[in-house]
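Accompanying notes for the structure given below.
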Amino acid sequence: MKRGLNSLATIASTAAWIGLFGTVLGVVNAFPASGADKATIMAVIFDWLSQAFAPTAFGLVVALTTMWCYKYLRAEVDAFDVEMKTAVLQLTNDLSARPG
């Protein structure tokens with residue numbers, strides 16, 4: 001039942017960083033427009049910067065959703081593990097208490 005939980009944890013921990021990397025690349029690409037007047041340069045830079053923050057937003061959405069799923073499934077697996085241990089102890093007690 002624990003299969004796949006490590007993959008969810010990996011996705012949750014790396015998605016935000018990949019989004020941040022996309023934003024850094026977008027910011028770096030926003031600044032080469034330096035051959036025009038000041039208003040044109042500012043318009044181009046702000047357009048690129050607004051597009052550059054999309055990968056971070058997407059990475060955060062993916063990371064938060066995946067982390068929520070991971071924590072939920074991990075809690076379910078832990079609860080099932082406790083339930084199975086309790087059932088084994090109860091069965092052992094019932095079998096040992098029977099008159100032989």
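Going through the structure tokens in order, the chains are called A, B, and so on, while each chain numbers its residues from 1 and the ligands are numbered from 1 in the order shown.
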
Test item: residues at most 12 Å from Arg74 (chain A), only C-alpha atoms, excluding those fewer than 2 positions along its chain, as a ChimeraX atom specification: /A:1-6,8-9,66-72,76-81

Create the file for the chosen residues now, containing C-alpha atoms and written as a CSV table (one decimal), in the first residue's frame.
```
chain,number,residue,atom,x,y,z
A,1,MET,CA,0.0,0.0,0.0
A,2,LYS,CA,3.0,2.3,0.4
A,3,ARG,CA,4.0,2.0,-3.2
A,4,GLY,CA,3.9,5.3,-4.9
A,5,LEU,CA,4.0,7.4,-1.8
A,6,ASN,CA,7.7,8.2,-2.3
A,8,LEU,CA,4.3,11.7,-4.5
A,9,ALA,CA,6.8,13.1,-1.9
A,66,THR,CA,0.6,16.6,-4.3
A,67,MET,CA,1.7,17.3,-0.7
A,68,TRP,CA,-2.0,17.2,0.4
A,69,CYS,CA,-2.5,13.9,-1.4
A,70,TYR,CA,0.7,12.5,0.1
A,71,LYS,CA,-0.2,13.5,3.7
A,72,TYR,CA,-3.8,12.2,3.3
A,76,GLU,CA,-4.6,6.4,5.7
A,77,VAL,CA,-1.8,3.9,5.5
A,78,ASP,CA,-0.7,4.6,9.1
A,79,ALA,CA,-4.3,4.2,10.3
A,80,PHE,CA,-4.6,0.9,8.4
A,81,ASP,CA,-1.3,-0.3,9.9
```

Near region 25-28 of chain A, 8 Å: region 50-87 of chain A residue rows, closest pairs, only C-alpha atoms, as a Markdown table:
```
| residue | atom | partner | partner_atom | distance |
| --- | --- | --- | --- | --- |
| A:Gln51 | CA | A:Gly26 | CA | 7.2 |
| A:Ala52 | CA | A:Gly26 | CA | 4.4 |
| A:Phe53 | CA | A:Gly26 | CA | 7.8 |
```

Considering only C-alpha atoms, state which residue in the set A:Trp17, A:Leu49, A:Ala63, A:Thr10 is at the smallest distance from Asn29 (chain A).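 Going through A:Trp17, A:Leu49, A:Ala63, A:Thr10 one by one, the smallest distance to Asn29 (chain A) is for A:Leu49.
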
Residues at most 9 Å from Ile45 (chain A), counting only C-alpha atoms, excluding those fewer than 2 positions away in the same chain, as a PyMOL selection string? chain A and resi 27+29-33+40-43+47-50

Store the residues picked out above, limited to C-alpha atoms, as a CSV table (one decimal), in the first residue's frame.
```
chain,number,residue,atom,x,y,z
A,27,VAL,CA,13.2,36.9,-15.7
A,29,ASN,CA,14.9,36.5,-20.8
A,30,ALA,CA,13.0,39.7,-19.9
A,31,PHE,CA,16.0,41.9,-19.9
A,32,PRO,CA,17.7,41.7,-23.4
A,33,ALA,CA,15.4,44.3,-24.9
A,40,THR,CA,8.9,50.4,-24.8
A,41,ILE,CA,11.6,48.7,-22.7
A,42,MET,CA,9.4,48.9,-19.6
A,43,ALA,CA,6.4,47.5,-21.4
A,47,ASP,CA,5.1,41.7,-20.2
A,48,TRP,CA,7.9,39.1,-19.8
A,49,LEU,CA,7.9,39.3,-16.1
A,50,SER,CA,4.2,38.7,-15.9
```

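The protein and nucleic acid residues lying at most 8 Å from Ile18 (chain A) are Pro55, Thr56 and Gly59 of chain A, with only C-alpha atoms considered and sequence neighbours fewer than 5 positions away removed.
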
Would you output that residue set with C-alpha atoms, as a PDB file, in the first residue's frame?
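Now in out.pdb:
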```
ATOM      1  CA  PRO A  55       5.667  28.589 -13.898  1.00  0.00           C
ATOM      2  CA  THR A  56       6.024  29.396 -10.203  1.00  0.00           C
ATOM      3  CA  GLY A  59       4.674  24.658  -9.600  1.00  0.00           C
TER       4      GLY A  59
END
```

Residues within 9 Å of Val62 (chain A), only C-alpha atoms, excluding chain neighbours under 5 positions, as a CSV table (one decimal) with N, CA and C atoms, in the first residue's frame:
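Generated output (around.csv):
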```csv
chain,number,residue,atom,x,y,z
A,11,ILE,N,7.6,14.4,-6.0
A,11,ILE,CA,7.0,15.4,-6.9
A,11,ILE,C,6.7,16.7,-6.0
A,12,ALA,N,6.2,16.5,-4.8
A,12,ALA,CA,5.8,17.6,-4.0
A,12,ALA,C,7.0,18.4,-3.6
A,15,ALA,N,8.4,20.1,-7.3
A,15,ALA,CA,7.6,20.9,-8.2
A,15,ALA,C,7.8,22.4,-8.1
A,16,ALA,N,7.8,22.9,-6.8
A,16,ALA,CA,8.0,24.3,-6.6
A,16,ALA,C,9.4,24.8,-7.1
A,57,ALA,N,3.6,29.8,-10.2
A,57,ALA,CA,2.3,29.6,-9.7
A,57,ALA,C,1.9,28.1,-10.0
A,67,MET,N,1.4,17.4,-2.1
A,67,MET,CA,1.7,17.3,-0.7
A,67,MET,C,0.4,17.0,0.1
```

Out of A:Gln90, A:Val44, A:Phe21, A:Leu73, which residue has the shortest atom-to-atom distance to Phe58 (chain A) when counting only C-alpha atoms?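 Among A:Gln90, A:Val44, A:Phe21, A:Leu73, it is A:Phe21 that comes nearest to Phe58 (chain A).
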
To one decimal in Å, tell me the separation between CA of Leu64 (chain A) and CA of Phe46 (chain A).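 We find that CA of Leu64 (chain A) and CA of Phe46 (chain A) lie 27.3 Å from each other.
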